[in-house]
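J.: Please find data_21.txt (compact mmCIF, C-alpha atoms) on the next line:
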# COMPACT_ATOMS: atom_id res chain seq x y z
CA MET A 1 -53.24 -31.81 -54.53
CA SER A 2 -53.46 -28.33 -56.01
CA SER A 3 -52.96 -25.21 -53.98
CA ILE A 4 -56.03 -23.47 -52.65
CA ASP A 5 -56.74 -20.23 -54.47
CA LYS A 6 -57.96 -17.24 -52.46
CA LYS A 7 -60.75 -16.71 -55.00
CA ASP A 8 -62.00 -20.27 -54.42
CA VAL A 9 -62.10 -19.71 -50.65
CA ILE A 10 -64.09 -16.50 -51.09
CA LEU A 11 -66.48 -18.28 -53.46
CA VAL A 12 -67.09 -21.12 -50.99
CA LEU A 13 -67.56 -18.71 -48.07
CA GLY A 14 -70.04 -16.75 -50.20
CA LYS A 15 -71.93 -19.95 -50.98
CA ILE A 16 -72.10 -20.86 -47.29
CA ALA A 17 -73.28 -17.34 -46.41
CA PHE A 18 -75.95 -17.56 -49.11
CA TYR A 19 -77.25 -20.89 -47.78
CA ILE A 20 -77.30 -19.67 -44.18
CA THR A 21 -79.04 -16.43 -45.16
CA GLY A 22 -81.69 -18.39 -47.07
CA VAL A 23 -82.41 -20.67 -44.13
CA ILE A 24 -82.58 -17.73 -41.71
CA PHE A 25 -84.89 -15.85 -44.10
CA PHE A 26 -87.33 -18.76 -44.28
CA LEU A 27 -87.19 -19.36 -40.52
CA ILE A 28 -87.90 -15.77 -39.46
CA THR A 29 -90.29 -14.75 -42.26
CA PRO A 30 -93.88 -15.95 -41.77
CA THR A 31 -95.45 -17.67 -44.75
CA SER A 32 -98.32 -15.19 -44.56
CA PHE A 33 -95.87 -12.36 -45.32
CA ILE A 34 -94.58 -14.15 -48.42
CA GLU A 35 -98.15 -14.92 -49.44
CA SER A 36 -99.30 -11.29 -49.12
CA ASN A 37 -96.67 -9.77 -51.42
CA ILE A 38 -96.78 -9.40 -55.20
CA SER A 39 -95.94 -12.52 -57.18
CA ILE A 40 -92.43 -12.58 -58.63
CA CYS A 41 -93.34 -15.25 -61.17
CA ILE A 42 -92.86 -13.72 -64.64
CA PHE A 43 -95.10 -16.33 -66.29
CA ASN A 44 -97.90 -15.65 -63.80
CA ASN A 45 -97.56 -11.87 -64.14
CA LEU A 46 -97.67 -12.02 -67.95
CA THR A 47 -100.39 -14.64 -68.45
CA GLY A 48 -102.33 -14.77 -65.18
CA LEU A 49 -101.83 -18.55 -65.16
CA GLN A 50 -99.85 -20.53 -62.64
CA CYS A 51 -96.65 -22.21 -63.79
CA PRO A 52 -95.49 -25.57 -62.35
CA GLY A 53 -93.24 -23.69 -59.91
CA CYS A 54 -95.89 -21.30 -58.61
CA GLY A 55 -96.24 -21.63 -54.86
CA MET A 56 -92.83 -23.22 -54.39
CA THR A 57 -91.46 -20.32 -52.31
CA ARG A 58 -94.50 -20.49 -50.04
CA ALA A 59 -94.17 -24.29 -49.93
CA PHE A 60 -90.50 -24.02 -48.88
CA SER A 61 -91.49 -21.49 -46.22
CA SER A 62 -94.16 -23.87 -44.95
CA VAL A 63 -91.66 -26.73 -44.76
CA PHE A 64 -89.27 -24.58 -42.72
CA HIS A 65 -92.16 -23.81 -40.36
CA LEU A 66 -92.98 -27.56 -40.20
CA ASP A 67 -96.36 -27.09 -41.92
CA PHE A 68 -96.07 -30.01 -44.33
CA ILE A 69 -99.77 -30.09 -45.23
CA GLY A 70 -99.68 -26.39 -46.09
CA ALA A 71 -96.55 -26.93 -48.17
CA PHE A 72 -98.27 -29.70 -50.10
CA GLN A 73 -101.29 -27.46 -50.69
CA TYR A 74 -99.13 -24.64 -52.09
CA ASN A 75 -97.30 -26.92 -54.53
CA LYS A 76 -97.47 -30.69 -54.65
CA LEU A 77 -94.01 -30.94 -56.20
CA VAL A 78 -92.48 -29.80 -52.90
CA ILE A 79 -92.26 -33.45 -51.79
CA ILE A 80 -89.75 -34.01 -54.62
CA ILE A 81 -88.12 -30.59 -55.03
CA PHE A 82 -87.34 -29.78 -51.37
CA PRO A 83 -85.43 -33.01 -50.61
CA LEU A 84 -83.65 -32.75 -53.97
CA PHE A 85 -82.72 -29.12 -53.25
CA CYS A 86 -81.35 -30.09 -49.81
CA TYR A 87 -79.39 -32.98 -51.34
CA VAL A 88 -77.79 -30.75 -53.99
CA CYS A 89 -76.86 -28.08 -51.42
CA LEU A 90 -75.36 -30.63 -49.01
CA LYS A 91 -73.51 -32.44 -51.79
CA SER A 92 -72.03 -29.13 -52.93
CA LEU A 93 -70.91 -28.23 -49.41
CA ILE A 94 -69.41 -31.69 -48.83
CA SER A 95 -67.57 -31.45 -52.15
CA ASP A 96 -66.14 -28.06 -51.16
CA TYR A 97 -65.15 -29.39 -47.74
CA ARG A 98 -63.31 -32.35 -49.28
CA ARG A 99 -61.55 -30.09 -51.75
CA PHE A 100 -60.15 -27.86 -48.99
CA PHE A 101 -59.51 -30.49 -46.34
Mind turning this structure into structure tokens?
T.:
Amino acid sequence: MSSIDKKDVILVLGKIAFYITGVIFFLITPTSFIESNISICIFNNLTGLQCPGCGMTRAFSSVFHLDFIGAFQYNKLVIIIFPLFCYVCLKSLISDYRRFF
């Protein structure tokens, strides 16, 4: 087993802080606030068309507020992307946990 580098610990703690901050952001920010702001989608801003990912931030926000029908209306791919995103995040955290313990 290799020694644990201080840089690796800081990186993992930063990752955990990022995940927690994201969850807190979605829990305390109403979907209506996200909906009312300017779109950050470069494709949408340049062409005026919606890309396959348009509405995904609002869909994630709706899922965190337990509005699954609203999430599906914002972007139908949320039923695939959200569970996959959660799986990747959890797998990453479990991998880091096993590496340090």
J.: Just the number, please: distance in Å from atom CA of A:Ile34 to atom CA of A:Leu84, one decimal.
T.: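 A separation of 22.3 Å between them.
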J.: Write out as an MDAnalysis selection string the residues lying within 6 Å of stretch 47-55 of chain A, counting only C-alpha atoms and excluding same-chain residues fewer than 3 positions away.
T.: chainID A and resid 43:44 58:59 74:75
J.: Closest to A:Ile79 among A:Val63, A:Ile24, A:Ile10, A:Ala17, using all atoms listed in the file?
T.: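 Residue with the minimum atom-to-atom distance to A:Ile79: A:Val63.
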J.: Considering only C-alpha atoms, return as number ranges by chain whatever protein or nucleic-acid residues lie within 10 Å of stretch 86-99 of chain A, sequence-local ones (same chain, fewer than 2 positions apart) excluded.
T.: A: 1-2, 4, 8-9, 12-13, 15-16, 19, 81-84, 101
J.: Which one is closest to A:Pro30: A:Phe100, A:Phe60, A:Phe85, A:Phe68? Count all atoms listed in the file.
T.: A:Phe60
J.: Taking the point (-97.0, -14.8, -44.1) as given in the file, collect each protein or nucleic acid residue that comes within 12 Å of it, counting all atoms listed in the file, and present the set as a VMD selection string.
T.: chain A and resid 26 to 37 57 to 59 61 to 62 65
J.: Write out, as a PDB file, keeping the file's coordinate frame, the residues just selected, with C-alpha atoms.
T.:
ATOM      1  CA  PHE A  26     -87.330 -18.760 -44.280  1.00  0.00           C
ATOM      2  CA  LEU A  27     -87.190 -19.360 -40.520  1.00  0.00           C
ATOM      3  CA  ILE A  28     -87.900 -15.770 -39.460  1.00  0.00           C
ATOM      4  CA  THR A  29     -90.290 -14.750 -42.260  1.00  0.00           C
ATOM      5  CA  PRO A  30     -93.880 -15.950 -41.770  1.00  0.00           C
ATOM      6  CA  THR A  31     -95.450 -17.670 -44.750  1.00  0.00           C
ATOM      7  CA  SER A  32     -98.320 -15.190 -44.560  1.00  0.00           C
ATOM      8  CA  PHE A  33     -95.870 -12.360 -45.320  1.00  0.00           C
ATOM      9  CA  ILE A  34     -94.580 -14.150 -48.420  1.00  0.00           C
ATOM     10  CA  GLU A  35     -98.150 -14.920 -49.440  1.00  0.00           C
ATOM     11  CA  SER A  36     -99.300 -11.290 -49.120  1.00  0.00           C
ATOM     12  CA  ASN A  37     -96.670  -9.770 -51.420  1.00  0.00           C
ATOM     13  CA  THR A  57     -91.460 -20.320 -52.310  1.00  0.00           C
ATOM     14  CA  ARG A  58     -94.500 -20.490 -50.040  1.00  0.00           C
ATOM     15  CA  ALA A  59     -94.170 -24.290 -49.930  1.00  0.00           C
ATOM     16  CA  SER A  61     -91.490 -21.490 -46.220  1.00  0.00           C
ATOM     17  CA  SER A  62     -94.160 -23.870 -44.950  1.00  0.00           C
ATOM     18  CA  HIS A  65     -92.160 -23.810 -40.360  1.00  0.00           C
TER      19      HIS A  65
END
J.: Between atom CA of A:Val23 and atom CA of A:Asp67, what is the spacing in Å?
T.: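 Computing the Euclidean distance for atom CA of A:Asp67 and atom CA of A:Val23 yields 15.5 Å.
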J.: In Å, how far is it from atom CA of A:Met56 to atom CA of A:Ile69?
T.: 13.4 Å
